[in-house]
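Here is the file final.txt (compact mmCIF, N, CA and C atoms).
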```
# COMPACT_ATOMS: atom_id res chain seq x y z
N MET A 1 1.45 -61.13 -35.86
CA MET A 1 1.14 -59.73 -36.02
C MET A 1 -0.11 -59.37 -35.24
N ASN A 2 -1.00 -60.30 -35.10
CA ASN A 2 -2.22 -60.07 -34.38
C ASN A 2 -1.97 -59.79 -32.90
N SER A 3 -1.01 -60.51 -32.29
CA SER A 3 -0.74 -60.29 -30.87
C SER A 3 -0.06 -58.95 -30.64
N LYS A 4 0.77 -58.49 -31.57
CA LYS A 4 1.39 -57.17 -31.44
C LYS A 4 0.34 -56.09 -31.52
N SER A 5 -0.58 -56.24 -32.44
CA SER A 5 -1.66 -55.28 -32.59
C SER A 5 -2.53 -55.26 -31.34
N SER A 6 -2.77 -56.43 -30.77
CA SER A 6 -3.56 -56.55 -29.55
C SER A 6 -2.86 -55.88 -28.38
N ASN A 7 -1.54 -56.08 -28.27
CA ASN A 7 -0.76 -55.44 -27.20
C ASN A 7 -0.77 -53.92 -27.35
N GLY A 8 -0.65 -53.46 -28.58
CA GLY A 8 -0.69 -52.02 -28.83
C GLY A 8 -2.02 -51.42 -28.43
N ASN A 9 -3.11 -52.10 -28.74
CA ASN A 9 -4.44 -51.62 -28.37
C ASN A 9 -4.61 -51.60 -26.85
N LYS A 10 -4.08 -52.62 -26.16
CA LYS A 10 -4.16 -52.67 -24.69
C LYS A 10 -3.42 -51.48 -24.09
N LYS A 11 -2.25 -51.15 -24.63
CA LYS A 11 -1.49 -50.01 -24.13
C LYS A 11 -2.25 -48.71 -24.32
N ILE A 12 -2.90 -48.56 -25.45
CA ILE A 12 -3.69 -47.35 -25.71
C ILE A 12 -4.85 -47.25 -24.73
N VAL A 13 -5.54 -48.37 -24.52
CA VAL A 13 -6.67 -48.38 -23.58
C VAL A 13 -6.18 -48.06 -22.17
N ILE A 14 -5.09 -48.67 -21.75
CA ILE A 14 -4.54 -48.40 -20.42
C ILE A 14 -4.14 -46.93 -20.31
N GLY A 15 -3.52 -46.40 -21.35
CA GLY A 15 -3.13 -44.99 -21.35
C GLY A 15 -4.33 -44.07 -21.22
N ILE A 16 -5.41 -44.38 -21.91
CA ILE A 16 -6.62 -43.56 -21.83
C ILE A 16 -7.23 -43.65 -20.43
N VAL A 17 -7.26 -44.84 -19.85
CA VAL A 17 -7.80 -45.01 -18.50
C VAL A 17 -6.98 -44.20 -17.50
N VAL A 18 -5.66 -44.25 -17.62
CA VAL A 18 -4.79 -43.49 -16.71
C VAL A 18 -5.03 -41.99 -16.90
N LEU A 19 -5.15 -41.53 -18.13
CA LEU A 19 -5.39 -40.13 -18.40
C LEU A 19 -6.71 -39.67 -17.80
N VAL A 20 -7.76 -40.44 -17.97
CA VAL A 20 -9.06 -40.09 -17.40
C VAL A 20 -8.97 -40.05 -15.88
N ALA A 21 -8.27 -41.00 -15.27
CA ALA A 21 -8.10 -41.01 -13.81
C ALA A 21 -7.36 -39.77 -13.34
N LEU A 22 -6.32 -39.37 -14.06
CA LEU A 22 -5.56 -38.17 -13.69
C LEU A 22 -6.41 -36.91 -13.81
N ILE A 23 -7.19 -36.82 -14.86
CA ILE A 23 -8.07 -35.66 -15.02
C ILE A 23 -9.06 -35.60 -13.86
N GLY A 24 -9.63 -36.74 -13.50
CA GLY A 24 -10.55 -36.79 -12.36
C GLY A 24 -9.87 -36.38 -11.06
N LEU A 25 -8.64 -36.85 -10.85
CA LEU A 25 -7.89 -36.49 -9.65
C LEU A 25 -7.62 -34.99 -9.60
N PHE A 26 -7.20 -34.41 -10.72
CA PHE A 26 -6.94 -32.97 -10.76
C PHE A 26 -8.22 -32.16 -10.51
N ALA A 27 -9.35 -32.63 -11.02
CA ALA A 27 -10.63 -31.94 -10.79
C ALA A 27 -10.97 -31.96 -9.30
N ILE A 28 -10.77 -33.10 -8.67
CA ILE A 28 -11.04 -33.21 -7.22
C ILE A 28 -10.11 -32.30 -6.44
N LEU A 29 -8.82 -32.31 -6.76
CA LEU A 29 -7.86 -31.46 -6.06
C LEU A 29 -8.20 -29.97 -6.24
N TYR A 30 -8.59 -29.59 -7.45
CA TYR A 30 -8.96 -28.19 -7.70
C TYR A 30 -10.12 -27.79 -6.81
N ASN A 31 -11.16 -28.63 -6.73
CA ASN A 31 -12.32 -28.30 -5.92
C ASN A 31 -12.00 -28.26 -4.44
N VAL A 32 -11.07 -29.08 -3.99
CA VAL A 32 -10.71 -29.11 -2.57
C VAL A 32 -9.87 -27.88 -2.20
N PHE A 33 -8.93 -27.50 -3.06
CA PHE A 33 -7.96 -26.47 -2.69
C PHE A 33 -8.23 -25.08 -3.24
N ARG A 34 -9.22 -24.91 -4.12
CA ARG A 34 -9.49 -23.57 -4.66
C ARG A 34 -10.07 -22.67 -3.57
N GLU A 35 -9.95 -21.36 -3.78
CA GLU A 35 -10.50 -20.43 -2.81
C GLU A 35 -12.01 -20.54 -2.79
N LYS A 36 -12.56 -20.58 -1.61
CA LYS A 36 -14.00 -20.71 -1.46
C LYS A 36 -14.58 -19.35 -1.07
N PRO A 37 -15.80 -19.07 -1.52
CA PRO A 37 -16.43 -17.82 -1.11
C PRO A 37 -16.79 -17.88 0.37
N VAL A 38 -16.81 -16.71 0.98
CA VAL A 38 -17.16 -16.60 2.39
C VAL A 38 -18.59 -16.09 2.49
N GLU A 39 -19.43 -16.81 3.20
CA GLU A 39 -20.81 -16.40 3.37
C GLU A 39 -20.92 -15.41 4.52
N GLY A 40 -21.98 -14.59 4.50
CA GLY A 40 -22.25 -13.66 5.59
C GLY A 40 -21.78 -12.26 5.28
N SER A 41 -22.04 -11.38 6.22
CA SER A 41 -21.76 -9.96 6.04
C SER A 41 -20.27 -9.67 6.11
N LYS A 42 -19.81 -8.82 5.19
CA LYS A 42 -18.40 -8.44 5.12
C LYS A 42 -18.31 -6.95 4.85
N SER A 43 -17.25 -6.32 5.32
CA SER A 43 -16.96 -4.92 4.98
C SER A 43 -15.78 -4.94 4.02
N ILE A 44 -15.98 -4.34 2.85
CA ILE A 44 -14.92 -4.31 1.85
C ILE A 44 -14.81 -2.92 1.25
N THR A 45 -13.72 -2.70 0.53
CA THR A 45 -13.51 -1.46 -0.20
C THR A 45 -13.22 -1.81 -1.65
N ILE A 46 -13.83 -1.07 -2.55
CA ILE A 46 -13.53 -1.18 -3.98
C ILE A 46 -12.99 0.17 -4.42
N GLU A 47 -11.78 0.20 -4.94
CA GLU A 47 -11.16 1.43 -5.43
C GLU A 47 -11.05 1.36 -6.94
N VAL A 48 -11.43 2.43 -7.61
CA VAL A 48 -11.30 2.52 -9.06
C VAL A 48 -10.29 3.61 -9.35
N VAL A 49 -9.26 3.27 -10.13
CA VAL A 49 -8.26 4.25 -10.56
C VAL A 49 -8.40 4.39 -12.07
N ASN A 50 -8.80 5.59 -12.52
CA ASN A 50 -9.08 5.78 -13.94
C ASN A 50 -7.80 6.12 -14.72
N LYS A 51 -7.97 6.39 -16.00
CA LYS A 51 -6.84 6.67 -16.88
C LYS A 51 -6.03 7.88 -16.41
N ALA A 52 -6.71 8.87 -15.84
CA ALA A 52 -6.05 10.07 -15.33
C ALA A 52 -5.44 9.85 -13.94
N GLU A 53 -5.49 8.60 -13.45
CA GLU A 53 -4.98 8.19 -12.14
C GLU A 53 -5.74 8.81 -10.98
N GLU A 54 -7.01 9.16 -11.22
CA GLU A 54 -7.88 9.65 -10.15
C GLU A 54 -8.53 8.44 -9.50
N LYS A 55 -8.56 8.45 -8.16
CA LYS A 55 -9.09 7.29 -7.43
C LYS A 55 -10.45 7.62 -6.82
N THR A 56 -11.39 6.69 -7.00
CA THR A 56 -12.70 6.77 -6.37
C THR A 56 -12.86 5.51 -5.53
N SER A 57 -13.26 5.69 -4.26
CA SER A 57 -13.40 4.54 -3.35
C SER A 57 -14.86 4.31 -3.00
N TYR A 58 -15.19 3.05 -2.89
CA TYR A 58 -16.54 2.62 -2.51
C TYR A 58 -16.40 1.70 -1.31
N GLU A 59 -16.91 2.14 -0.16
CA GLU A 59 -16.91 1.31 1.05
C GLU A 59 -18.29 0.66 1.13
N LEU A 60 -18.32 -0.64 1.35
CA LEU A 60 -19.62 -1.26 1.46
C LEU A 60 -19.62 -2.46 2.39
N LYS A 61 -20.79 -2.68 2.95
CA LYS A 61 -21.06 -3.90 3.70
C LYS A 61 -21.88 -4.77 2.76
N THR A 62 -21.48 -6.02 2.64
CA THR A 62 -22.11 -6.88 1.64
C THR A 62 -22.16 -8.32 2.11
N ASP A 63 -23.13 -9.03 1.59
CA ASP A 63 -23.21 -10.47 1.76
C ASP A 63 -22.71 -11.18 0.50
N ALA A 64 -22.20 -10.40 -0.46
CA ALA A 64 -21.74 -10.96 -1.73
C ALA A 64 -20.64 -11.98 -1.49
N GLU A 65 -20.69 -13.06 -2.24
CA GLU A 65 -19.66 -14.08 -2.15
C GLU A 65 -18.57 -13.86 -3.19
N TYR A 66 -18.92 -13.15 -4.28
CA TYR A 66 -17.97 -12.92 -5.36
C TYR A 66 -17.92 -11.43 -5.70
N LEU A 67 -16.82 -11.01 -6.29
CA LEU A 67 -16.58 -9.61 -6.58
C LEU A 67 -17.66 -8.98 -7.44
N ARG A 68 -18.12 -9.67 -8.47
CA ARG A 68 -19.13 -9.06 -9.35
C ARG A 68 -20.37 -8.66 -8.57
N GLN A 69 -20.82 -9.52 -7.65
CA GLN A 69 -21.99 -9.19 -6.84
C GLN A 69 -21.73 -7.93 -6.01
N ALA A 70 -20.54 -7.83 -5.43
CA ALA A 70 -20.20 -6.65 -4.63
C ALA A 70 -20.15 -5.40 -5.51
N MET A 71 -19.57 -5.53 -6.71
CA MET A 71 -19.51 -4.38 -7.62
C MET A 71 -20.92 -3.91 -7.99
N GLU A 72 -21.84 -4.84 -8.18
CA GLU A 72 -23.22 -4.48 -8.50
C GLU A 72 -23.90 -3.76 -7.35
N GLU A 73 -23.48 -4.03 -6.12
CA GLU A 73 -24.07 -3.40 -4.94
C GLU A 73 -23.44 -2.04 -4.62
N ALA A 74 -22.25 -1.76 -5.12
CA ALA A 74 -21.54 -0.52 -4.79
C ALA A 74 -22.25 0.67 -5.43
N GLU A 75 -22.82 1.52 -4.60
CA GLU A 75 -23.59 2.66 -5.10
C GLU A 75 -22.69 3.64 -5.85
N GLY A 76 -23.06 3.92 -7.11
CA GLY A 76 -22.31 4.86 -7.93
C GLY A 76 -21.30 4.20 -8.85
N LEU A 77 -20.96 2.94 -8.60
CA LEU A 77 -20.01 2.21 -9.45
C LEU A 77 -20.77 1.60 -10.61
N THR A 78 -20.31 1.89 -11.83
CA THR A 78 -20.91 1.29 -13.01
C THR A 78 -19.84 0.54 -13.78
N PHE A 79 -20.26 -0.54 -14.42
CA PHE A 79 -19.33 -1.31 -15.23
C PHE A 79 -20.09 -2.10 -16.26
N SER A 80 -19.41 -2.43 -17.35
CA SER A 80 -20.02 -3.25 -18.39
C SER A 80 -18.91 -3.99 -19.11
N GLY A 81 -19.32 -4.97 -19.89
CA GLY A 81 -18.34 -5.76 -20.62
C GLY A 81 -19.00 -6.83 -21.44
N THR A 82 -18.20 -7.77 -21.85
CA THR A 82 -18.66 -8.87 -22.69
C THR A 82 -18.77 -10.13 -21.85
N GLU A 83 -19.93 -10.80 -21.96
CA GLU A 83 -20.14 -12.06 -21.25
C GLU A 83 -19.57 -13.21 -22.06
N SER A 84 -18.97 -14.18 -21.38
CA SER A 84 -18.48 -15.39 -22.03
C SER A 84 -18.71 -16.57 -21.08
N GLU A 85 -18.31 -17.75 -21.51
CA GLU A 85 -18.46 -18.91 -20.63
C GLU A 85 -17.58 -18.81 -19.40
N HIS A 86 -16.62 -17.88 -19.41
CA HIS A 86 -15.73 -17.69 -18.27
C HIS A 86 -16.17 -16.53 -17.38
N GLY A 87 -17.30 -15.90 -17.70
CA GLY A 87 -17.79 -14.76 -16.95
C GLY A 87 -17.62 -13.48 -17.74
N MET A 88 -17.78 -12.35 -17.06
CA MET A 88 -17.70 -11.06 -17.74
C MET A 88 -16.26 -10.59 -17.90
N MET A 89 -15.96 -10.14 -19.11
CA MET A 89 -14.70 -9.45 -19.39
C MET A 89 -15.02 -7.96 -19.32
N VAL A 90 -14.57 -7.29 -18.26
CA VAL A 90 -14.92 -5.89 -18.03
C VAL A 90 -14.18 -5.00 -19.03
N GLU A 91 -14.96 -4.17 -19.71
CA GLU A 91 -14.40 -3.26 -20.71
C GLU A 91 -14.56 -1.80 -20.32
N SER A 92 -15.59 -1.51 -19.51
CA SER A 92 -15.86 -0.13 -19.14
C SER A 92 -16.17 -0.05 -17.65
N VAL A 93 -15.56 0.93 -16.97
CA VAL A 93 -15.82 1.17 -15.56
C VAL A 93 -16.08 2.67 -15.39
N ASN A 94 -17.19 2.98 -14.74
CA ASN A 94 -17.58 4.38 -14.53
C ASN A 94 -17.52 5.17 -15.83
N ASP A 95 -18.07 4.60 -16.87
CA ASP A 95 -18.18 5.22 -18.20
C ASP A 95 -16.85 5.47 -18.88
N GLU A 96 -15.79 4.81 -18.45
CA GLU A 96 -14.49 4.92 -19.13
C GLU A 96 -14.14 3.54 -19.69
N THR A 97 -13.90 3.51 -20.98
CA THR A 97 -13.62 2.25 -21.66
C THR A 97 -12.12 2.05 -21.82
N ALA A 98 -11.68 0.86 -21.51
CA ALA A 98 -10.29 0.45 -21.77
C ALA A 98 -10.35 -0.48 -22.97
N ASP A 99 -9.73 -0.09 -24.07
CA ASP A 99 -9.79 -0.86 -25.30
C ASP A 99 -8.40 -1.34 -25.67
N TYR A 100 -8.13 -2.59 -25.42
CA TYR A 100 -6.82 -3.16 -25.68
C TYR A 100 -6.42 -3.03 -27.15
N ASN A 101 -7.39 -3.11 -28.04
CA ASN A 101 -7.10 -3.02 -29.48
C ASN A 101 -6.67 -1.63 -29.91
N VAL A 102 -7.01 -0.60 -29.14
CA VAL A 102 -6.65 0.78 -29.48
C VAL A 102 -5.27 1.14 -28.93
N ASP A 103 -5.08 0.95 -27.62
CA ASP A 103 -3.82 1.39 -27.00
C ASP A 103 -3.24 0.39 -26.00
N GLY A 104 -3.71 -0.86 -26.04
CA GLY A 104 -3.19 -1.87 -25.13
C GLY A 104 -3.73 -1.73 -23.71
N ALA A 105 -4.84 -0.98 -23.55
CA ALA A 105 -5.39 -0.73 -22.22
C ALA A 105 -6.38 -1.81 -21.81
N TYR A 106 -6.42 -2.07 -20.50
CA TYR A 106 -7.39 -3.01 -19.93
C TYR A 106 -7.61 -2.63 -18.47
N TRP A 107 -8.66 -3.15 -17.89
CA TRP A 107 -8.92 -2.94 -16.47
C TRP A 107 -8.26 -4.07 -15.68
N GLY A 108 -7.27 -3.72 -14.87
CA GLY A 108 -6.59 -4.70 -14.01
C GLY A 108 -7.32 -4.80 -12.68
N PHE A 109 -7.50 -6.01 -12.19
CA PHE A 109 -8.20 -6.24 -10.92
C PHE A 109 -7.23 -6.81 -9.89
N PHE A 110 -7.22 -6.18 -8.71
CA PHE A 110 -6.31 -6.56 -7.64
C PHE A 110 -7.11 -6.74 -6.36
N VAL A 111 -6.66 -7.66 -5.51
CA VAL A 111 -7.24 -7.84 -4.18
C VAL A 111 -6.10 -7.75 -3.18
N ASN A 112 -6.22 -6.80 -2.26
CA ASN A 112 -5.20 -6.58 -1.21
C ASN A 112 -3.80 -6.44 -1.81
N GLY A 113 -3.71 -5.72 -2.93
CA GLY A 113 -2.42 -5.43 -3.56
C GLY A 113 -1.89 -6.50 -4.48
N GLU A 114 -2.56 -7.65 -4.57
CA GLU A 114 -2.13 -8.75 -5.43
C GLU A 114 -3.09 -8.88 -6.61
N TYR A 115 -2.54 -9.23 -7.77
CA TYR A 115 -3.38 -9.42 -8.94
C TYR A 115 -4.40 -10.53 -8.66
N CYS A 116 -5.65 -10.30 -9.00
CA CYS A 116 -6.71 -11.31 -8.78
C CYS A 116 -6.41 -12.57 -9.58
N ASN A 117 -6.63 -13.71 -8.95
CA ASN A 117 -6.41 -15.00 -9.60
C ASN A 117 -7.59 -15.42 -10.46
N TYR A 118 -8.73 -14.76 -10.28
CA TYR A 118 -9.96 -15.16 -10.95
C TYR A 118 -10.62 -13.95 -11.58
N GLY A 119 -11.56 -14.20 -12.49
CA GLY A 119 -12.39 -13.13 -13.03
C GLY A 119 -13.37 -12.66 -11.97
N ILE A 120 -14.07 -11.57 -12.25
CA ILE A 120 -14.96 -10.99 -11.24
C ILE A 120 -16.10 -11.92 -10.84
N ASP A 121 -16.47 -12.85 -11.71
CA ASP A 121 -17.56 -13.77 -11.39
C ASP A 121 -17.12 -14.89 -10.43
N MET A 122 -15.82 -15.11 -10.30
CA MET A 122 -15.30 -16.20 -9.47
C MET A 122 -14.36 -15.72 -8.36
N GLN A 123 -14.05 -14.43 -8.30
CA GLN A 123 -13.13 -13.90 -7.29
C GLN A 123 -13.85 -13.81 -5.95
N PRO A 124 -13.46 -14.63 -4.96
CA PRO A 124 -14.13 -14.60 -3.65
C PRO A 124 -13.94 -13.26 -2.94
N VAL A 125 -14.93 -12.92 -2.12
CA VAL A 125 -14.90 -11.70 -1.32
C VAL A 125 -14.81 -12.10 0.14
N GLU A 126 -13.82 -11.54 0.86
CA GLU A 126 -13.66 -11.82 2.28
C GLU A 126 -13.69 -10.51 3.06
N ASP A 127 -14.08 -10.60 4.32
CA ASP A 127 -14.16 -9.42 5.17
C ASP A 127 -12.81 -8.70 5.20
N GLY A 128 -12.86 -7.39 5.00
CA GLY A 128 -11.65 -6.57 5.05
C GLY A 128 -10.91 -6.45 3.72
N ASP A 129 -11.35 -7.14 2.69
CA ASP A 129 -10.68 -7.07 1.38
C ASP A 129 -10.73 -5.65 0.82
N VAL A 130 -9.65 -5.29 0.14
CA VAL A 130 -9.59 -4.06 -0.63
C VAL A 130 -9.35 -4.46 -2.08
N PHE A 131 -10.33 -4.18 -2.92
CA PHE A 131 -10.23 -4.48 -4.34
C PHE A 131 -9.86 -3.21 -5.08
N SER A 132 -8.92 -3.31 -5.99
CA SER A 132 -8.54 -2.18 -6.83
C SER A 132 -8.83 -2.55 -8.28
N ILE A 133 -9.48 -1.63 -8.96
CA ILE A 133 -9.76 -1.78 -10.39
C ILE A 133 -9.00 -0.63 -11.06
N ILE A 134 -7.95 -0.99 -11.77
CA ILE A 134 -7.00 0.01 -12.26
C ILE A 134 -6.93 0.02 -13.79
N TYR A 135 -7.11 1.20 -14.37
CA TYR A 135 -6.93 1.37 -15.81
C TYR A 135 -5.45 1.15 -16.08
N THR A 136 -5.15 0.15 -16.89
CA THR A 136 -3.77 -0.28 -17.10
C THR A 136 -3.48 -0.28 -18.59
N VAL A 137 -2.30 0.23 -18.95
CA VAL A 137 -1.88 0.19 -20.35
C VAL A 137 -0.71 -0.78 -20.44
N GLY A 138 -0.89 -1.83 -21.26
CA GLY A 138 0.15 -2.84 -21.41
C GLY A 138 1.35 -2.29 -22.14
N GLU A 139 2.43 -3.00 -22.04
CA GLU A 139 3.67 -2.54 -22.66
C GLU A 139 3.93 -3.22 -23.97
```
Written form, structure tokens:
Amino acid sequence: MNSKSSNGNKKIVIGIVVLVALIGLFAILYNVFREKPVEGSKSITIEVVNKAEEKTSYELKTDAEYLRQAMEEAEGLTFSGTESEHGMMVESVNDETADYNVDGAYWGFFVNGEYCNYGIDMQPVEDGDVFSIIYTVGE
């Protein structure tokens, strides 16, 4: 019975080692293949579409590497939200609040017509990007 118990423990240890190795491999692959911020001056557009479907555009030249930095630089654009370990969850843009708990509304973020893959703190900014921040009501 002792050798069976020993074999079982070896399998568990080997399984844990393999799991740790896989986690390390996935972390390396993520860092290699994730979108990287672009350094230097860029020209971008940030469009805000409010609940009434009125659009306000902000054209700016920026050295920002991530969307949040660019939003902070956009003259006249205001936003606020809740900070978490994942970055800011935007709740209000230009003094208009989207409250999911009230009517299923949220601020949707898009880059060049595609839904952003990252939050504003991690969304890379590239020259020529058009960001859309759209008041969206879920279904």
Who sits within 6 Å of Asp127 of chain A, only C-alpha atoms, same chain under 2 positions skipped, as a ChimeraX atom specification: /A:42-43,129
To one decimal place in Å, what is the distance between atom CA of Ile23 of chain A and atom CA of Leu67 of chain A?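 Pair atom CA of Ile23 of chain A / atom CA of Leu67 of chain A returns 28.7 Å.
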Go ahead and compute the interatomic distance for atom CA of Thr78 of chain A and atom CA of Asp63 of chain A, in Å to one decimal.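 Atom CA of Thr78 of chain A sits 19.0 Å away from atom CA of Asp63 of chain A.
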Check the DSSP output for the backbone and give back, as an MDAnalysis selection string, the residues of segment 13-95 of chain A in alpha helix (DSSP H). chainID A and resid 13:33 67:73
Could you pull out all residues of segment 23-132 of chain A with a DSSP call of strand (DSSP E or B) and give them as a PyMOL selection string? chain A and resi 42-49+55-62+66+79-84+87-93+96-97+105-111+114-115+124+130-132
Please put the answer as JSON: centre and edge lengths, in Å with one decimal, of a box along x, y and z that encloses all listed atoms of segment 44-55 of chain A plus 5 Å on each side.
```
{"center_x": -10.5, "center_y": 2.9, "center_z": -7.0, "size_x": 21.0, "size_y": 24.4, "size_z": 29.7}
```
Excluding Trp107 of chain A and any residue of its chain fewer than 5 positions from it, enumerate the residues within 5 Å of it, using all atoms listed in the file, and give them as an mmCIF file with N, CA and C atoms, in the frame of the given file.
```cif
data_model
loop_
_atom_site.group_PDB
_atom_site.id
_atom_site.type_symbol
_atom_site.label_atom_id
_atom_site.label_comp_id
_atom_site.auth_asym_id
_atom_site.auth_seq_id
_atom_site.Cartn_x
_atom_site.Cartn_y
_atom_site.Cartn_z
ATOM 1 N N ILE A 134 -7.950 -0.990 -11.770
ATOM 2 C CA ILE A 134 -7.000 0.010 -12.260
ATOM 3 C C ILE A 134 -6.930 0.020 -13.790
ATOM 4 N N TYR A 135 -7.110 1.200 -14.370
ATOM 5 C CA TYR A 135 -6.930 1.370 -15.810
ATOM 6 C C TYR A 135 -5.450 1.150 -16.080
ATOM 7 N N THR A 136 -5.150 0.150 -16.890
ATOM 8 C CA THR A 136 -3.770 -0.280 -17.100
ATOM 9 C C THR A 136 -3.480 -0.280 -18.590
#
```
Please determine, counting all atoms listed in the file, which residue among A:Met71, A:Ile44, A:Val90, A:Ala21 has the shortest atom-to-atom distance to Phe131 of chain A.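 Selected residue with least distance to Phe131 of chain A: A:Ile44.
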Generate all heavy atoms for segment 111-118 of chain A and emit them as a short mmCIF file (atom, residue, chain, number, x, y, z; two decimals), in the coordinates of the input.
```
data_model
loop_
_atom_site.label_atom_id
_atom_site.label_comp_id
_atom_site.auth_asym_id
_atom_site.auth_seq_id
_atom_site.Cartn_x
_atom_site.Cartn_y
_atom_site.Cartn_z
N VAL A 111 -6.66 -7.66 -5.51
CA VAL A 111 -7.24 -7.84 -4.18
C VAL A 111 -6.10 -7.75 -3.18
O VAL A 111 -5.11 -8.47 -3.28
CB VAL A 111 -8.05 -9.15 -4.05
CG1 VAL A 111 -7.20 -10.38 -4.35
CG2 VAL A 111 -8.68 -9.26 -2.67
N ASN A 112 -6.22 -6.80 -2.26
CA ASN A 112 -5.20 -6.58 -1.21
C ASN A 112 -3.80 -6.44 -1.81
O ASN A 112 -2.83 -6.97 -1.29
CB ASN A 112 -5.26 -7.70 -0.17
CG ASN A 112 -6.64 -7.83 0.44
OD1 ASN A 112 -7.31 -6.83 0.70
ND2 ASN A 112 -7.09 -9.04 0.63
N GLY A 113 -3.71 -5.72 -2.93
CA GLY A 113 -2.42 -5.43 -3.56
C GLY A 113 -1.89 -6.50 -4.48
O GLY A 113 -0.86 -6.32 -5.12
N GLU A 114 -2.56 -7.65 -4.57
CA GLU A 114 -2.13 -8.75 -5.43
C GLU A 114 -3.09 -8.88 -6.61
O GLU A 114 -4.29 -8.72 -6.44
CB GLU A 114 -2.10 -10.07 -4.65
CG GLU A 114 -1.18 -10.08 -3.46
CD GLU A 114 0.29 -10.08 -3.84
OE1 GLU A 114 0.63 -10.69 -4.87
OE2 GLU A 114 1.08 -9.46 -3.12
N TYR A 115 -2.54 -9.23 -7.77
CA TYR A 115 -3.38 -9.42 -8.94
C TYR A 115 -4.40 -10.53 -8.66
O TYR A 115 -4.05 -11.57 -8.12
CB TYR A 115 -2.51 -9.78 -10.15
CG TYR A 115 -3.19 -9.56 -11.47
CD1 TYR A 115 -3.30 -8.28 -12.01
CD2 TYR A 115 -3.74 -10.61 -12.18
CE1 TYR A 115 -3.94 -8.06 -13.22
CE2 TYR A 115 -4.38 -10.41 -13.39
CZ TYR A 115 -4.48 -9.13 -13.91
OH TYR A 115 -5.11 -8.92 -15.10
N CYS A 116 -5.65 -10.30 -9.00
CA CYS A 116 -6.71 -11.31 -8.78
C CYS A 116 -6.41 -12.57 -9.58
O CYS A 116 -6.00 -12.51 -10.73
CB CYS A 116 -8.07 -10.77 -9.19
SG CYS A 116 -8.74 -9.52 -8.07
N ASN A 117 -6.63 -13.71 -8.95
CA ASN A 117 -6.41 -15.00 -9.60
C ASN A 117 -7.59 -15.42 -10.46
O ASN A 117 -7.49 -16.37 -11.22
CB ASN A 117 -6.15 -16.08 -8.56
CG ASN A 117 -4.82 -15.92 -7.89
OD1 ASN A 117 -3.86 -15.47 -8.49
ND2 ASN A 117 -4.76 -16.24 -6.60
N TYR A 118 -8.73 -14.76 -10.28
CA TYR A 118 -9.96 -15.16 -10.95
C TYR A 118 -10.62 -13.95 -11.58
O TYR A 118 -10.34 -12.82 -11.22
CB TYR A 118 -10.94 -15.80 -9.95
CG TYR A 118 -10.34 -16.91 -9.15
CD1 TYR A 118 -9.85 -16.70 -7.87
CD2 TYR A 118 -10.25 -18.19 -9.68
CE1 TYR A 118 -9.27 -17.74 -7.15
CE2 TYR A 118 -9.68 -19.23 -8.97
CZ TYR A 118 -9.20 -19.00 -7.69
OH TYR A 118 -8.64 -20.02 -6.98
#
```
